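Trainee: Sharing a structure below in structure tokens format, with a few things to ask.
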Amino acid sequence: MSAHILLINPNSSRATSDMMVAIARRAASGRMAVAVATAMRNPPMIVTPEQLTDAAAEVVEIGEKHDAGCRGIVVSAFGDPGLAALKQRLDIPVIGICEASMIEASLNGRKFGVATTTPELIEAIDNRARDLGVWPQYTGIRCTSGDPLALSAHPDRLLSALGEAVRQCIEEDGAEAVIIGGGPLGQAADELQPMFSTPIIAPIPSAIGRMLDLMRVAA
């Protein structure tokens, strides 16, 4: 394949990969092709710390096998599994969607929160805010209730539940921007922005934008 960005879906759902790569290609808007690779050994949706940790190995394997046309890699799960190892091992830019969205959300000292469906990953997401040095601006996480897999199977319910979590981030926590925390939530992130005057940060477009910026600097 000619020059492209590789988006790695650490979840094993091909339907999720199709949704993610469609969002990524819209964000790239013809400036760079986007290919996608789907993990096969991980669950369809990563919802626990153990699954997040276990996902890293396959993400690294996929990343290390990138072809010659790959100009950069996006790790498209919100806990950024395998990101640190790939950054160390590869000589092309590697970006995680959590990393990119937190950097964007915190620009100019802006306070930001995260709305997501995975309460068991709160500590892992908190740790990303600490690792990225944006903890002082981080207002915390608001989660939807119930089983995240069941909720994701009903797009209307998912959108409503995430909308309530966003409202809590803004009205109760004082967030000035809200990240929709999860690669599989990419479609909902797109649909939520028109509902709020506060910026809603969609992680996949955030990562693609950051990747394209890094490529311009490198060029």
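Each chain in the structure tokens gets a letter, A, B and so on, in the order shown; residues start at 1 in every chain, and ligands are counted from 1 in the order they appear.
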Applying 7 Å and only C-alpha atoms, which residues near Ala105 of chain A remain after dropping the ones on its own chain fewer than 5 positions away? List them as a VMD selection string.
Mentor: chain A and resid 110 112 177 201
Trainee: I want to know what sits within 12 Å of Ser160 of chain A, based on only C-alpha atoms, with residues of the same chain fewer than 4 positions away left out; could you give that as a PyMOL selection string?
Mentor: chain A and resi 115+117+144-145+151-152+154-156+164-167+188-189+191-192+195
Trainee: Emit the selected residues as a CSV table (one decimal), in the first residue's frame, including N, CA, C and O atoms.
Mentor:
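That gives us part.csv:
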```csv
chain,number,residue,atom,x,y,z
A,115,ALA,N,-16.2,11.4,29.5
A,115,ALA,CA,-17.5,10.7,29.5
A,115,ALA,C,-17.3,9.3,28.9
A,115,ALA,O,-16.8,9.3,27.7
A,117,THR,N,-18.2,4.7,29.0
A,117,THR,CA,-19.1,3.6,29.4
A,117,THR,C,-18.4,2.5,30.3
A,117,THR,O,-19.1,1.5,30.6
A,144,THR,N,-21.5,6.1,32.2
A,144,THR,CA,-22.9,5.6,32.1
A,144,THR,C,-23.1,4.4,33.0
A,144,THR,O,-22.1,3.8,33.5
A,145,SER,N,-24.3,4.1,33.3
A,145,SER,CA,-24.6,3.0,34.2
A,145,SER,C,-24.9,1.7,33.4
A,145,SER,O,-25.2,1.8,32.2
A,151,LEU,N,-25.1,-1.8,26.5
A,151,LEU,CA,-25.4,-0.4,26.1
A,151,LEU,C,-25.0,-0.1,24.7
A,151,LEU,O,-25.7,0.5,23.9
A,152,SER,N,-23.8,-0.6,24.3
A,152,SER,CA,-23.2,-0.3,23.0
A,152,SER,C,-24.1,-1.0,21.9
A,152,SER,O,-24.0,-0.5,20.7
A,154,HIS,N,-27.2,-0.8,21.6
A,154,HIS,CA,-28.4,0.1,21.4
A,154,HIS,C,-27.9,1.5,21.2
A,154,HIS,O,-27.8,2.3,22.2
A,155,PRO,N,-27.7,1.9,20.0
A,155,PRO,CA,-27.1,3.3,19.7
A,155,PRO,C,-27.9,4.4,20.3
A,155,PRO,O,-27.3,5.4,20.8
A,156,ASP,N,-29.2,4.4,20.3
A,156,ASP,CA,-30.0,5.5,20.9
A,156,ASP,C,-29.8,5.6,22.4
A,156,ASP,O,-29.7,6.7,22.9
A,164,GLU,N,-25.9,12.3,29.1
A,164,GLU,CA,-26.1,12.6,30.5
A,164,GLU,C,-24.7,12.7,31.2
A,164,GLU,O,-24.5,13.5,32.0
A,165,ALA,N,-23.8,11.8,30.8
A,165,ALA,CA,-22.5,11.8,31.4
A,165,ALA,C,-21.8,13.1,31.0
A,165,ALA,O,-21.1,13.7,31.9
A,166,VAL,N,-21.9,13.5,29.8
A,166,VAL,CA,-21.3,14.8,29.4
A,166,VAL,C,-21.9,15.9,30.2
A,166,VAL,O,-21.1,16.8,30.6
A,167,ARG,N,-23.2,15.9,30.3
A,167,ARG,CA,-23.8,17.0,31.1
A,167,ARG,C,-23.3,17.1,32.5
A,167,ARG,O,-23.0,18.2,33.0
A,188,ALA,N,-20.8,7.8,18.4
A,188,ALA,CA,-21.5,8.6,19.4
A,188,ALA,C,-20.8,10.0,19.6
A,188,ALA,O,-21.5,11.0,19.8
A,189,ALA,N,-19.5,10.0,19.7
A,189,ALA,CA,-18.8,11.2,19.9
A,189,ALA,C,-19.1,12.3,18.8
A,189,ALA,O,-19.3,13.4,19.0
A,191,GLU,N,-21.9,12.4,17.1
A,191,GLU,CA,-23.3,12.8,17.2
A,191,GLU,C,-23.6,13.7,18.4
A,191,GLU,O,-24.5,14.5,18.4
A,192,LEU,N,-22.7,13.7,19.4
A,192,LEU,CA,-22.9,14.4,20.6
A,192,LEU,C,-22.6,15.9,20.5
A,192,LEU,O,-23.2,16.7,21.2
A,195,MET,N,-25.1,18.7,20.3
A,195,MET,CA,-26.0,18.8,21.4
A,195,MET,C,-25.5,19.7,22.5
A,195,MET,O,-26.3,20.1,23.5
```
Trainee: Please identify all polymer residues within 10 Å of Asp18 of chain A, counting only C-alpha atoms, omitting same-chain residues fewer than 3 positions from it, and present them as a list of chain:residue names.
Mentor: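 Everything that qualifies: A:Asn9, A:Ser13, A:Arg14, A:Ala15, A:Val21, A:Ala22, A:Ile23, A:Ala24, A:Val36, A:Ala37, A:Thr38.
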Trainee: Can you tell me which residues surround Glu104 of chain A at a distance of at most 12 Å, considering only C-alpha atoms, apart from same-chain residues fewer than 6 positions away, and format the answer as a ChimeraX atom specification?
Mentor: /A:97-98,110-113,132,134,137,176-179,199-210
Trainee: Could you write out that same residue set with N, CA, C and O atoms as an mmCIF file, in the first residue's frame?
Mentor:
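Full text of again.cif as output:
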```cif
data_model
loop_
_atom_site.group_PDB
_atom_site.id
_atom_site.type_symbol
_atom_site.label_atom_id
_atom_site.label_comp_id
_atom_site.auth_asym_id
_atom_site.auth_seq_id
_atom_site.Cartn_x
_atom_site.Cartn_y
_atom_site.Cartn_z
ATOM 1 N N ILE A 97 -5.236 7.308 21.064
ATOM 2 C CA ILE A 97 -6.388 8.210 21.022
ATOM 3 C C ILE A 97 -6.637 8.885 22.370
ATOM 4 O O ILE A 97 -7.144 10.011 22.413
ATOM 5 N N CYS A 98 -6.280 8.224 23.460
ATOM 6 C CA CYS A 98 -6.388 8.881 24.765
ATOM 7 C C CYS A 98 -5.364 10.005 24.862
ATOM 8 O O CYS A 98 -5.689 11.136 25.241
ATOM 9 N N ARG A 110 -7.148 24.552 29.588
ATOM 10 C CA ARG A 110 -8.580 24.261 29.657
ATOM 11 C C ARG A 110 -8.858 23.067 30.563
ATOM 12 O O ARG A 110 -8.185 22.053 30.514
ATOM 13 N N LYS A 111 -9.888 23.173 31.396
ATOM 14 C CA LYS A 111 -10.320 22.054 32.231
ATOM 15 C C LYS A 111 -11.139 21.088 31.379
ATOM 16 O O LYS A 111 -11.970 21.517 30.573
ATOM 17 N N PHE A 112 -10.900 19.797 31.566
ATOM 18 C CA PHE A 112 -11.603 18.822 30.748
ATOM 19 C C PHE A 112 -11.968 17.585 31.558
ATOM 20 O O PHE A 112 -11.298 17.229 32.527
ATOM 21 N N GLY A 113 -13.043 16.942 31.133
ATOM 22 C CA GLY A 113 -13.457 15.685 31.731
ATOM 23 C C GLY A 113 -13.592 14.616 30.666
ATOM 24 O O GLY A 113 -13.405 14.861 29.470
ATOM 25 N N LEU A 132 0.492 12.042 31.223
ATOM 26 C CA LEU A 132 0.583 13.066 30.176
ATOM 27 C C LEU A 132 0.781 14.470 30.742
ATOM 28 O O LEU A 132 0.916 15.435 29.983
ATOM 29 N N VAL A 134 -1.347 16.322 32.446
ATOM 30 C CA VAL A 134 -2.520 17.205 32.364
ATOM 31 C C VAL A 134 -3.450 17.044 33.569
ATOM 32 O O VAL A 134 -4.574 17.547 33.560
ATOM 33 N N GLN A 137 -5.616 19.945 35.092
ATOM 34 C CA GLN A 137 -6.800 20.409 34.355
ATOM 35 C C GLN A 137 -7.905 19.366 34.274
ATOM 36 O O GLN A 137 -9.011 19.653 33.819
ATOM 37 N N GLU A 176 -14.584 22.288 30.838
ATOM 38 C CA GLU A 176 -14.715 23.231 29.723
ATOM 39 C C GLU A 176 -14.600 22.540 28.366
ATOM 40 O O GLU A 176 -14.767 23.163 27.323
ATOM 41 N N ALA A 177 -14.286 21.259 28.401
ATOM 42 C CA ALA A 177 -14.298 20.383 27.228
ATOM 43 C C ALA A 177 -14.496 18.970 27.763
ATOM 44 O O ALA A 177 -14.090 18.659 28.886
ATOM 45 N N VAL A 178 -15.132 18.131 26.968
ATOM 46 C CA VAL A 178 -15.394 16.752 27.404
ATOM 47 C C VAL A 178 -14.968 15.788 26.312
ATOM 48 O O VAL A 178 -15.384 15.919 25.148
ATOM 49 N N ILE A 179 -14.135 14.831 26.682
ATOM 50 C CA ILE A 179 -13.701 13.771 25.776
ATOM 51 C C ILE A 179 -14.680 12.604 25.877
ATOM 52 O O ILE A 179 -15.082 12.211 26.978
ATOM 53 N N PRO A 199 -17.133 22.280 23.942
ATOM 54 C CA PRO A 199 -16.466 21.389 22.986
ATOM 55 C C PRO A 199 -16.506 19.925 23.421
ATOM 56 O O PRO A 199 -16.204 19.602 24.580
ATOM 57 N N ILE A 200 -16.895 19.067 22.515
ATOM 58 C CA ILE A 200 -16.868 17.620 22.713
ATOM 59 C C ILE A 200 -15.706 17.084 21.883
ATOM 60 O O ILE A 200 -15.670 17.279 20.665
ATOM 61 N N ILE A 201 -14.759 16.452 22.545
ATOM 62 C CA ILE A 201 -13.547 15.972 21.872
ATOM 63 C C ILE A 201 -13.742 14.513 21.459
ATOM 64 O O ILE A 201 -13.949 13.643 22.307
ATOM 65 N N ALA A 202 -13.689 14.264 20.156
ATOM 66 C CA ALA A 202 -13.789 12.906 19.620
ATOM 67 C C ALA A 202 -12.372 12.363 19.447
ATOM 68 O O ALA A 202 -11.583 12.933 18.685
ATOM 69 N N PRO A 203 -12.012 11.286 20.137
ATOM 70 C CA PRO A 203 -10.606 10.866 20.172
ATOM 71 C C PRO A 203 -9.989 10.467 18.840
ATOM 72 O O PRO A 203 -8.806 10.725 18.620
ATOM 73 N N ILE A 204 -10.758 9.841 17.963
ATOM 74 C CA ILE A 204 -10.157 9.387 16.703
ATOM 75 C C ILE A 204 -9.779 10.571 15.808
ATOM 76 O O ILE A 204 -8.629 10.662 15.348
ATOM 77 N N PRO A 205 -10.678 11.518 15.546
ATOM 78 C CA PRO A 205 -10.249 12.702 14.784
ATOM 79 C C PRO A 205 -9.125 13.471 15.462
ATOM 80 O O PRO A 205 -8.248 14.025 14.782
ATOM 81 N N SER A 206 -9.134 13.495 16.795
ATOM 82 C CA SER A 206 -8.062 14.168 17.520
ATOM 83 C C SER A 206 -6.713 13.522 17.211
ATOM 84 O O SER A 206 -5.716 14.209 16.960
ATOM 85 N N ALA A 207 -6.691 12.180 17.220
ATOM 86 C CA ALA A 207 -5.437 11.460 16.942
ATOM 87 C C ALA A 207 -4.996 11.646 15.493
ATOM 88 O O ALA A 207 -3.800 11.818 15.219
ATOM 89 N N ILE A 208 -5.932 11.618 14.562
ATOM 90 C CA ILE A 208 -5.572 11.818 13.154
ATOM 91 C C ILE A 208 -5.029 13.224 12.942
ATOM 92 O O ILE A 208 -4.022 13.431 12.250
ATOM 93 N N GLY A 209 -5.668 14.211 13.551
ATOM 94 C CA GLY A 209 -5.184 15.585 13.427
ATOM 95 C C GLY A 209 -3.786 15.748 13.980
ATOM 96 O O GLY A 209 -2.928 16.405 13.371
ATOM 97 N N ARG A 210 -3.549 15.142 15.130
ATOM 98 C CA ARG A 210 -2.215 15.234 15.736
ATOM 99 C C ARG A 210 -1.174 14.511 14.876
ATOM 100 O O ARG A 210 -0.056 14.993 14.698
#
```
Trainee: Could you name the residues that touch Ile141 of chain A at 12 Å or less, counting only C-alpha atoms, but leaving out those on the same chain fewer than 5 positions away, as JSON, numbers by chain?
Mentor: {"A": [112, 113, 114, 115, 116, 117, 118, 119, 120, 121, 122, 123, 124, 125, 126, 127, 129, 162, 165, 166, 167, 168, 169, 170, 172, 173, 174, 175, 178, 179, 180, 181]}
Trainee: Got a sec: who's within 10 Å of Ile8 of chain A, counting only C-alpha atoms, leaving out chain neighbours fewer than 2 positions off, as an MDAnalysis selection string?
Mentor: chainID A and resid 5:6 10:11 17 20:21 35:39 58:60 62:63 73:77 96
Trainee: For Asp67 of chain A, which residue among A:Cys143, A:Ile92, A:Ile103, A:Met19 is the nearest when counting only C-alpha atoms?
Mentor: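 Of A:Cys143, A:Ile92, A:Ile103, A:Met19, the one nearest Asp67 of chain A, counting only C-alpha atoms, is A:Ile92.
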